[in-house]
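Remarks on the structure that follows.
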Amino acid sequence: MKLKNSVAVLAAVALLAAGCGRDGSGTEETTDGTATQAVSGDFGDLKNLCQAGDAKSRSAQGVDTEIKLGVFTDVGFTKKTEFVDAAEVFSKWCNEAGGINGRKLVPNTRDAKFMEVRQRMIESCRDDFFIVGGGSGLDGLGVKDRLSCLLPAFPAQASQMQNTGSDLQIETVAGGAFYSPYAGYYTWLLKEGHPGSAKDVGLISGDSPVTKVLEGQTKEMIQAAGGTISYNELYPAQGVSDWTPYAQAIKSKGVKGLIFLGDFNSLSKLEQVLTSIDHKLDWIDANSNSYGPAFLQLAGPAIAGQNNLADLGGVHPLEDAANNPATQQVVDLFKKYAPDKPVTLQVVRAFVAWTLFAKSAASCGDDLTRKCVFEAAQEETAWTGGGLQAPLDLSQPDAPAKCFNIVQATPGGWKPADFKPDTGAYRCDAPAYKFKGDYGKPMTLADVGKSMSDFK
Amino acid sequence: MEQFLIFGVVGLSTAAIYAIIGSGLVLTYTTTGVFNFAHGAAGMLSAFAYWQLAVGWGWPVPLALAAVLLVLAPAFGLLVEKVVLRPVQNLGEAERLVMTVALLSGLIAAARWIWDPNLPRPLTTFFADREPFHLGPVTITWHQALTMAVAVLAALVLWFVLNRTRTGTEMRATVDDRALVGLTGADPVRANRVAWVLGTQLAAVGGILIAPTVALDAAQLSLLIVSAYTAAIFGRLRSLPLTFLGAVVVGCLESYLTGYLPQNPYLPGLRLAAPALLLFLALLLFPHGRLRGRDRRLRPVPTPTMRGTFVFAGAIVLFAVVLATVLDEAQAISYGPMFALGVVALSFVPLAGYAGQISLCQLSIAGVGAVVWGQLAPDGQPWALLAAFAVSALVGALIAVPALRLSGVYLALATAAFAVVLDRWIFTLPSFEVLGVQISVFNQSSVEMAGLDLFGFRLDEAAELMVFAAVCLALGSLGVAALRLSRFGRRLIALRDSEAAYATLGGSLLFARVLVFALSAGIAGVGGVLYGMQLQSVTAEQFNFVAGLPVFLIAVIGGLGAVGNGLFTGTAYLGPVHLLNAVAPWTHNIVQLLPALAGLGFARHPEGIVPGLRRSWEPLGRDRTALAALLGGFAVLWLLRIGDVVGNAVLLLGTAVLALALRTWARSKETAAVVAPEVPVEWWGVRRPWRAEDEEVLARGIARG
């Protein structure tokens, strides 16, 4: 269970029964094939990622003059359109630049609406060539069906344990299933950034069983990084009427560093109370979910009063797009193709997956098969998505994250924290920490009675 | 000691909010007899309206406050009183509860539609720019001080209105005897209106005060008020001073538990569940006033015939078989839970329909059944189905024993509290050991649910499970119909009609209630197992209190006394949603409002929809020619569908048109055939309408005599 997504799950569960979302398995409109070739097909440092060509053979399901791709999302439930936007922007741009050897990308939105992962997966199995650039909160529900139909995936995020690190899937987010993705972050916090806080770490998490795994992993990691959890508390995911008792308990227990595994809406309220009772912590791990303007607006004056940090896990910060051509290109493409939509961290992660697919698919030429794309992607040993994030070795399915980069919330916006980067914007000396507890296992082909030799 | 003081003051500031919200609840309940589940939602709506005016459109704060508190909130209160609650004023507790539950879900859906939940909506506390002041070791913000002051002010104003004004006297009199108030020339409807206006204003004050300290989120704001319920129950739903005391107890309890509860993996959930536990205890321990049952009109429970029920059960299975053959796998997964949730809904029939006991925790009990199955039957052993039934039934019995002295809205609240305790504490517990037996609940994020292993044949395809669930629903419907016709069924109905009379005639209340609770919990547990099998893996969220509300809502709309309610609820809960989403995805916002709209339309059919459906389709069932034509026509369509000549839309529409046409035909034939039976003369104008010529006939008859 990765933090960023399960927290979104947590925020979502409170609404679960309040309303069922919509069924949106419709096909995205794409620009038709008459697009001019004026658009450059380069993305970041990837030359000719998309280019014209005459590939058109029906080499696999969902492939002819078009390539049908499943994009998973919970948009019907969370109303967050980021994966849908990223798919639309990337495919429009790529198709205008000629597509993948002339084939057009056709993203099919698979809206799981939180609970309908299996239904969408079965539909995706029926129609799509590949799953790219999306993710849904309860993605573990769909792995069995995905593996049974041998549908490979390059998701933008993987959240549940059954899915994270499962077979036929390449994750472009750093950190394997059995390693802590935050080893570098927490080690820096407790040993370098704020060593004085190591004995007084607090942990607050939502009361959903979904976050149990995450809570266990975080405790383990904090202890491994030399910290002691002196305060550990739950809050009801359906809302807290008054955060003052929590703030008061944090103050009277002398908590100096706080990890908050929950929605940033609640965190902003807790911080306002903490600030009003004059308790300033050394640091608060706001987690990368809160990375964006919304948290800053909600927390208001508390941003100046508290030291909010988040680990972006090696993704170049958006505020600093001007210094990173690839990030700037995402921003520019959004301006052109989806001017009203925000560029978020998840959009960047989706782009990392999309570029991986585009490059791997292009290398297959006319004979585009799932196996060819998957194996081409496995050969990438330093994947950056054209420069969007720190390099990642995709040939190792379960490797610890090496690089991290920490941002800090300030009244003027998010800024890189003083974490002493050693490789460009990142710091790449994270220790490896392998979890000792049992948090479940990713699903394999063998679990559904298949093997790699079935994969074509 | 300093700690103790600090947490005490902190608790008082929380208590102030509970007191404001709780007193609004009490006010509307005492005057109108409606326990308003949508009270928090009214506060939520006010908070959003306030945000829109003060932040969204930049109005000055005093103006925005005045607009919300003096114009919008009263208008909303009046609207709710007129449109939602007056029509159900004379109906039973379950019906009145359902209206407010419908309102709750409707308001949440509407707010999420109007105000995009992903836009940040910061709302600063009042006097945020002033330095907080210090009271000894305690820091108090001006917002907290304001909240406490408003709570005290609200108490004083309420006391004055109720005890020192004519309107207040009228309101109190309405509580005691509506009819008598009417006779003395006062207007009970006016008293109701005043109560709704005041109640909504209190909710609005609470909403606006609480919104800056919690997120401005539709669901969160609407559902926060469990603690306020507890405060209201301390006041036994009628005493305002005791409600305030209750608020202080709950606020301080929450605060002290945060400060002092020892840290271990089993206890944090206990703290979250504390208000609900306290609610449960308060309900059990405090004496309750007589429920206002006088103006409630009991309707007869429909009597099914066994023959008709067999036809109905056959229809359920046929329906499932047809669905299994025409739906693809993804659709089968979407529509399959209809039958499983139908079984859960069927559990309301003996409990609420026959015995008149309102339970809001049936889906939570279904969750218990699912956990039992998940833990005991990793390979789908059939005996685990019995174990799930037994354990769920035991849980049901456990609720029934303490809840023996509760009924009506108190029972509804107690079961709601029980559901919340399960959600927040029991379902989130890590695995533990009792008497050497390892017990695991949902301790991991989800529990895997194996399909049933039926004599070596493993049911794991969505379509197979759907048919199996339908068979269970058919058997359950037969069993419930048999119960209705049995001696025990008649006893249950007697219990519903009058507990006192039932006990006087020698019936054992304890026995009957425990048995019916256990039976219905068992049915719900099996429903949970079937639901879980279809989902393959389940989490606690799927069975929480909030998820259970729409099922309850639709079951009441269907008509709690009708055996057909299981199928109706399952179908109506999932069918239209998936169908509309598939046909017209742009309707998704309206779809979310559907349950609420259906609930609000409910007042026109207080006996429920199912009995009406049964009446209108019975002629078709009795007419052999029409029935044969229907089955024949349907078989043709089905074969065409299986042969892929036509699609599902043609099958659905064709069957619907055919069935409606044949129904009209059968009904017209039946009406024509029926000769009006002779009505004895003394019943003219009563059993049949008074006719113009009757007067002359009577006059001649008397003259002759």
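In the structure tokens, each chain is lettered A, B, ... as it comes, each chain's residues begin at 1, and ligands are numbered from 1 in order of appearance.
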
>> Could you pull out the alpha helix (DSSP H) residues of segment 108-279 of chain B, going by DSSP on the backbone, and write them as a PyMOL selection string?
In response: chain B and resi 108-114+142-164+166-176+178-183+188-210+218-223+226-234+240-260+268-279

Written file, previous selection with C-alpha atoms, as a compact mmCIF listing (two decimals), in the first residue's frame:
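And here's result36.txt as it stands now:
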```txt
# COMPACT_ATOMS: atom_id res chain seq x y z
CA ILE B 108 -25.49 15.68 0.40
CA ALA B 109 -25.86 14.76 -3.27
CA ALA B 110 -27.18 18.21 -4.14
CA ALA B 111 -24.36 19.98 -2.30
CA ARG B 112 -21.75 17.85 -4.06
CA TRP B 113 -23.40 18.71 -7.35
CA ILE B 114 -23.58 22.45 -6.73
CA TRP B 142 -12.06 33.95 20.20
CA HIS B 143 -13.92 31.56 17.95
CA GLN B 144 -14.18 29.05 20.78
CA ALA B 145 -15.28 31.76 23.17
CA LEU B 146 -17.86 32.91 20.64
CA THR B 147 -19.15 29.36 20.22
CA MET B 148 -19.61 28.95 23.95
CA ALA B 149 -21.30 32.33 24.22
CA VAL B 150 -23.64 31.48 21.35
CA ALA B 151 -24.52 28.19 23.01
CA VAL B 152 -25.45 29.93 26.25
CA LEU B 153 -27.36 32.57 24.33
CA ALA B 154 -29.22 29.94 22.36
CA ALA B 155 -30.19 28.23 25.59
CA LEU B 156 -31.52 31.47 27.06
CA VAL B 157 -33.44 32.41 23.94
CA LEU B 158 -34.97 28.96 23.66
CA TRP B 159 -35.98 28.98 27.28
CA PHE B 160 -37.57 32.37 26.86
CA VAL B 161 -39.42 31.45 23.68
CA LEU B 162 -40.76 28.20 25.07
CA ASN B 163 -41.72 29.43 28.51
CA ARG B 164 -42.50 33.10 28.18
CA ARG B 166 -47.60 32.50 23.53
CA THR B 167 -46.05 30.69 20.59
CA GLY B 168 -43.86 28.72 22.96
CA THR B 169 -46.85 27.72 25.03
CA GLU B 170 -48.60 26.60 21.88
CA MET B 171 -45.60 24.57 20.90
CA ARG B 172 -45.42 22.86 24.25
CA ALA B 173 -49.13 22.24 24.17
CA THR B 174 -48.82 20.69 20.72
CA VAL B 175 -46.38 18.23 22.19
CA ASP B 176 -48.90 17.13 24.74
CA ARG B 178 -52.32 18.07 19.08
CA ALA B 179 -56.05 17.57 18.87
CA LEU B 180 -56.73 19.44 22.08
CA VAL B 181 -54.57 22.34 20.96
CA GLY B 182 -56.61 22.54 17.81
CA LEU B 183 -59.83 22.63 19.82
CA PRO B 188 -50.68 23.07 15.70
CA VAL B 189 -49.45 23.53 12.14
CA ARG B 190 -48.21 26.98 13.05
CA ALA B 191 -46.41 25.54 16.07
CA ASN B 192 -44.78 23.02 13.76
CA ARG B 193 -43.67 25.75 11.42
CA VAL B 194 -42.14 27.77 14.22
CA ALA B 195 -40.34 24.67 15.45
CA TRP B 196 -38.91 23.96 12.02
CA VAL B 197 -37.81 27.54 11.52
CA LEU B 198 -36.12 27.69 14.92
CA GLY B 199 -34.66 24.21 14.52
CA THR B 200 -33.20 25.01 11.11
CA GLN B 201 -31.80 28.28 12.41
CA LEU B 202 -30.07 26.43 15.23
CA ALA B 203 -28.69 23.94 12.73
CA ALA B 204 -27.50 26.87 10.62
CA VAL B 205 -25.78 28.52 13.58
CA GLY B 206 -24.15 25.21 14.43
CA GLY B 207 -23.15 24.61 10.81
CA ILE B 208 -21.59 28.04 10.38
CA LEU B 209 -19.73 27.81 13.68
CA ILE B 210 -18.45 24.30 13.06
CA ALA B 218 -20.89 17.95 2.39
CA ALA B 219 -20.76 14.45 3.83
CA GLN B 220 -18.50 15.25 6.77
CA LEU B 221 -20.57 18.18 7.95
CA SER B 222 -23.83 16.26 7.61
CA LEU B 223 -22.69 13.19 9.48
CA VAL B 226 -23.69 11.49 16.15
CA SER B 227 -22.28 13.18 19.22
CA ALA B 228 -25.08 15.71 19.11
CA TYR B 229 -27.60 12.84 19.00
CA THR B 230 -26.10 11.59 22.21
CA ALA B 231 -26.56 14.99 23.77
CA ALA B 232 -30.17 15.04 22.63
CA ILE B 233 -30.79 11.60 24.10
CA PHE B 234 -29.39 12.80 27.43
CA LEU B 240 -33.22 21.32 26.80
CA PRO B 241 -31.22 21.72 30.05
CA LEU B 242 -30.45 18.01 30.09
CA THR B 243 -29.43 18.21 26.44
CA PHE B 244 -26.91 20.86 27.39
CA LEU B 245 -25.68 18.66 30.20
CA GLY B 246 -25.41 15.78 27.73
CA ALA B 247 -23.38 17.93 25.37
CA VAL B 248 -20.96 18.76 28.19
CA VAL B 249 -20.63 15.08 29.11
CA VAL B 250 -19.97 14.02 25.51
CA GLY B 251 -17.60 16.89 24.77
CA CYS B 252 -15.54 16.32 27.89
CA LEU B 253 -15.56 12.55 27.45
CA GLU B 254 -14.15 12.89 23.94
CA SER B 255 -11.58 15.35 25.12
CA TYR B 256 -10.43 13.35 28.15
CA LEU B 257 -10.23 10.14 26.15
CA THR B 258 -7.96 11.91 23.67
CA GLY B 259 -5.76 13.05 26.51
CA TYR B 260 -5.73 10.03 28.77
CA PRO B 268 -8.16 4.12 19.67
CA GLY B 269 -11.28 2.83 17.96
CA LEU B 270 -13.02 2.78 21.30
CA ARG B 271 -12.43 6.49 21.61
CA LEU B 272 -13.92 7.16 18.20
CA ALA B 273 -16.88 4.99 19.05
CA ALA B 274 -17.32 6.56 22.49
CA PRO B 275 -20.13 8.97 21.59
CA ALA B 276 -22.03 6.15 19.92
CA LEU B 277 -21.44 3.82 22.87
CA LEU B 278 -22.58 6.54 25.21
CA LEU B 279 -25.67 7.02 23.05
```

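Contact shell of Arg110 of chain A at 10 Å (only C-alpha atoms; same-chain neighbours under 5 positions omitted): Asp23, Gly24, Ser25, Gly26, Thr27, Leu69, Gly70, Val71, Phe72, Thr73, Asp74, Val75, Gly76, Val84, Glu116, Val117, Gln119, Arg120, Met121, Glu123, Ser124, Ile131, Gly134, Gly135 and Ser136 of chain A.
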
Would you save the residues from that selection as a PDB file, in the first residue's frame, using C-alpha atoms?
```
ATOM      1  CA  ASP A  23     -20.458   5.018 -15.289  1.00  0.00           C
ATOM      2  CA  GLY A  24     -18.023   6.527 -17.682  1.00  0.00           C
ATOM      3  CA  SER A  25     -16.511   3.878 -19.839  1.00  0.00           C
ATOM      4  CA  GLY A  26     -16.947   5.948 -22.938  1.00  0.00           C
ATOM      5  CA  THR A  27     -14.303   6.436 -25.533  1.00  0.00           C
ATOM      6  CA  LEU A  69      -5.474   2.052 -24.225  1.00  0.00           C
ATOM      7  CA  GLY A  70      -7.289   1.711 -20.932  1.00  0.00           C
ATOM      8  CA  VAL A  71      -6.933   4.634 -18.500  1.00  0.00           C
ATOM      9  CA  PHE A  72      -8.129   3.773 -14.995  1.00  0.00           C
ATOM     10  CA  THR A  73      -9.535   6.481 -12.775  1.00  0.00           C
ATOM     11  CA  ASP A  74     -12.064   7.034 -10.000  1.00  0.00           C
ATOM     12  CA  VAL A  75     -13.276  10.262 -11.524  1.00  0.00           C
ATOM     13  CA  GLY A  76     -16.947   9.357 -11.212  1.00  0.00           C
ATOM     14  CA  VAL A  84      -8.349  11.646 -17.817  1.00  0.00           C
ATOM     15  CA  GLU A 116     -16.342  -0.942  -9.942  1.00  0.00           C
ATOM     16  CA  VAL A 117     -12.741  -1.875 -10.616  1.00  0.00           C
ATOM     17  CA  GLN A 119     -16.226  -4.360 -14.221  1.00  0.00           C
ATOM     18  CA  ARG A 120     -13.936  -1.815 -15.845  1.00  0.00           C
ATOM     19  CA  MET A 121     -11.063  -4.300 -15.872  1.00  0.00           C
ATOM     20  CA  GLU A 123     -14.180  -4.232 -20.242  1.00  0.00           C
ATOM     21  CA  SER A 124     -10.571  -3.221 -20.594  1.00  0.00           C
ATOM     22  CA  ILE A 131      -3.369  -0.092 -19.559  1.00  0.00           C
ATOM     23  CA  GLY A 134      -4.048   5.823 -14.618  1.00  0.00           C
ATOM     24  CA  GLY A 135      -4.930   4.216 -11.349  1.00  0.00           C
ATOM     25  CA  SER A 136      -7.827   3.628  -9.011  1.00  0.00           C
TER      26      SER A 136
END
```

>> Residues near segment 391-408 of chain B, anyone? I mean within 9 Å using only C-alpha atoms, not counting same-chain ones fewer than 2 positions away, as an MDAnalysis selection string.
In response: chainID B and resid 92:94 283:284 288 291 356:358 365:369 372 386:389 410:415 418 509:510 513:526

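Atom CA of Pro442 of chain A lies 19.5 Å from atom CA of Phe130 of chain A.
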
> Within 10 Å of Val83 of chain B, counting only C-alpha atoms, which residues qualify if same-chain residues fewer than 6 places away don't, as a PyMOL selection string?
Replying inline: chain B and resi 600-601+603

>> Excluding segment 552-559 of chain B and its own-chain neighbours fewer than 6 positions away, which residues fall within 8 Å of it when counting only C-alpha atoms? Please give them as an NGL selection string.
In response: :B and (94-95 or 98 or 101-102 or 345 or 348 or 353 or 360 or 565-566 or 568-569 or 572-573 or 595 or 598-599 or 602 or 606-611)

Written selection (N, CA and C atoms) as a short mmCIF file (atom, residue, chain, number, x, y, z; two decimals), in the first residue's frame:
```cif
data_model
loop_
_atom_site.label_atom_id
_atom_site.label_comp_id
_atom_site.auth_asym_id
_atom_site.auth_seq_id
_atom_site.Cartn_x
_atom_site.Cartn_y
_atom_site.Cartn_z
N ALA B 94 -41.27 4.82 11.24
CA ALA B 94 -40.36 4.43 10.16
C ALA B 94 -40.53 5.37 8.98
N GLU B 95 -41.78 5.72 8.68
CA GLU B 95 -42.04 6.58 7.53
C GLU B 95 -41.47 7.97 7.75
N VAL B 98 -37.79 7.91 7.46
CA VAL B 98 -37.34 7.75 6.10
C VAL B 98 -37.33 9.08 5.35
N VAL B 101 -34.18 10.74 6.34
CA VAL B 101 -33.02 10.07 5.75
C VAL B 101 -32.92 10.42 4.27
N ALA B 102 -34.08 10.45 3.60
CA ALA B 102 -34.11 10.81 2.18
C ALA B 102 -33.59 12.23 2.00
N ALA B 345 -32.33 -6.74 2.29
CA ALA B 345 -33.56 -5.94 2.42
C ALA B 345 -34.71 -6.80 2.92
N PHE B 348 -35.61 -6.87 6.54
CA PHE B 348 -36.43 -5.82 7.16
C PHE B 348 -37.88 -6.28 7.30
N GLY B 353 -41.42 -4.83 9.20
CA GLY B 353 -42.75 -4.93 8.61
C GLY B 353 -43.73 -5.63 9.53
N LEU B 360 -31.59 0.09 12.05
CA LEU B 360 -30.75 0.75 11.05
C LEU B 360 -29.41 0.06 10.90
N ASN B 565 -40.65 -7.24 -1.18
CA ASN B 565 -39.78 -6.10 -0.96
C ASN B 565 -38.31 -6.40 -1.21
N GLY B 566 -37.91 -7.64 -0.94
CA GLY B 566 -36.51 -8.00 -1.14
C GLY B 566 -36.10 -7.75 -2.59
N PHE B 568 -37.69 -6.06 -4.81
CA PHE B 568 -37.90 -4.65 -5.18
C PHE B 568 -36.71 -3.80 -4.76
N THR B 569 -36.29 -3.95 -3.50
CA THR B 569 -35.22 -3.10 -3.00
C THR B 569 -33.92 -3.32 -3.76
N ALA B 572 -34.39 -1.91 -7.28
CA ALA B 572 -34.52 -0.46 -7.34
C ALA B 572 -33.24 0.23 -6.88
N TYR B 573 -32.46 -0.45 -6.04
CA TYR B 573 -31.23 0.16 -5.54
C TYR B 573 -30.17 0.22 -6.63
N PRO B 595 -32.55 8.32 -5.04
CA PRO B 595 -33.13 7.75 -3.81
C PRO B 595 -33.86 8.80 -3.00
N ALA B 598 -37.13 9.66 -4.65
CA ALA B 598 -38.09 8.58 -4.44
C ALA B 598 -38.62 8.65 -3.02
N GLY B 599 -37.73 8.91 -2.07
CA GLY B 599 -38.15 9.00 -0.68
C GLY B 599 -39.15 10.12 -0.48
N PHE B 602 -42.52 9.41 -1.52
CA PHE B 602 -43.06 8.29 -0.75
C PHE B 602 -44.36 8.62 -0.05
N PRO B 606 -48.03 5.74 1.20
CA PRO B 606 -47.50 5.36 2.51
C PRO B 606 -47.49 3.85 2.74
N GLU B 607 -48.27 3.10 2.00
CA GLU B 607 -48.22 1.65 2.25
C GLU B 607 -47.07 1.02 1.48
N GLY B 608 -46.37 1.84 0.68
CA GLY B 608 -45.23 1.32 -0.07
C GLY B 608 -45.63 1.01 -1.50
N ILE B 609 -44.62 0.78 -2.30
CA ILE B 609 -44.88 0.58 -3.72
C ILE B 609 -45.24 -0.86 -4.03
N VAL B 610 -44.63 -1.80 -3.27
CA VAL B 610 -44.80 -3.21 -3.62
C VAL B 610 -46.26 -3.66 -3.56
N PRO B 611 -47.02 -3.34 -2.50
CA PRO B 611 -48.42 -3.78 -2.49
C PRO B 611 -49.19 -3.26 -3.69
#
```

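Nearest residue to chain B, choosing from A:Trp383, A:Tyr433, A:Phe295, A:Phe178 and counting only C-alpha atoms: A:Phe295.
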
> Using the chain letters and numbers from this document, which residues of segment 158-332 of chain A does DSSP assign to strand (DSSP E), as an MDAnalysis selection string?
Replying inline: chainID A and resid 201:206 229:235 257:261 283:285 308:311

>> From the options B:Leu123, B:Ala692, B:Leu65, B:Leu72, which residue's atoms come nearest to chain A, counting only C-alpha atoms?
In response: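 Answer, going by the shortest atom-to-atom distance: B:Leu123.
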
>> From the options B:Val10, B:Val551, B:Ala463, B:Ala635, which residue's atoms come nearest to chain A, counting only C-alpha atoms?
In response: B:Val10

>> Which residues are near segment 453-458 of chain B? Cut-off 8 Å, only C-alpha atoms, ignore same chain within fewer than 4 positions. Put them as a list in words.
In response: Asp379, Gly380, Gln381 and Pro382 of chain B

Deliver the residues from the most recent selection as a file, using C-alpha atoms, as a short mmCIF file (atom, residue, chain, number, x, y, z; two decimals), in the first residue's frame.
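Saved as result_8.cif:
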```cif
data_model
loop_
_atom_site.label_atom_id
_atom_site.label_comp_id
_atom_site.auth_asym_id
_atom_site.auth_seq_id
_atom_site.Cartn_x
_atom_site.Cartn_y
_atom_site.Cartn_z
CA ASP B 379 -12.60 -22.70 0.14
CA GLY B 380 -16.29 -21.99 0.13
CA GLN B 381 -17.40 -24.75 2.51
CA PRO B 382 -21.23 -24.77 2.53
#
```

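The environment of Leu150 of chain A within 10 Å, counting only C-alpha atoms and disregarding residues fewer than 6 places along the same chain, consists of A:Cys125, A:Phe130, A:Lys144, A:Asp167, A:Leu168, A:Arg370, A:Lys371, A:Leu445, A:Lys450, A:Ser451, A:Met452, A:Asp454, A:Phe455, A:Lys456.
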
>> Could you check the closest approach to chain B for each of A:Ser57, A:Ser230, A:Ser91, A:Gln223 and tell me which residue wins, using only C-alpha atoms?
In response: A:Ser230

>> Quick check, in Å to one decimal: how far apart do atom CA of Leu613 of chain B and atom CA of Thr305 of chain B lie?
In response: 15.3 Å

Between segment 127-230 of chain A and segment 60-65 of chain A, at 6 Å or less, what are the per-residue closest atom pairs and their distances in Å? Count only C-alpha atoms, order by chain and rising residue number, and return it as a Markdown table.
```
| residue | atom | partner | partner_atom | distance |
| --- | --- | --- | --- | --- |
| A:Asp127 | CA | A:Gly62 | CA | 5.9 |
| A:Asp128 | CA | A:Gly62 | CA | 5.1 |
| A:Phe129 | CA | A:Gly62 | CA | 4.7 |
```

Print the selection's residues with N, CA and C atoms to a file, as a compact mmCIF listing (two decimals), in the first residue's frame.
```
# COMPACT_ATOMS: atom_id res chain seq x y z
N ASP A 127 -11.36 -4.92 -24.74
CA ASP A 127 -11.12 -3.96 -25.83
C ASP A 127 -9.70 -3.45 -25.95
N ASP A 128 -8.98 -3.32 -24.83
CA ASP A 128 -7.77 -2.52 -24.87
C ASP A 128 -6.52 -3.34 -25.17
N PHE A 129 -5.54 -2.62 -25.68
CA PHE A 129 -4.24 -3.22 -25.95
C PHE A 129 -3.37 -3.22 -24.69
```

> Which of these residues is nearest to chain B, using only C-alpha atoms: A:Ala302, A:Leu258, A:Ala86, A:Ala183?
Replying inline: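 Under the stated criterion, the closest residue is A:Ala302.
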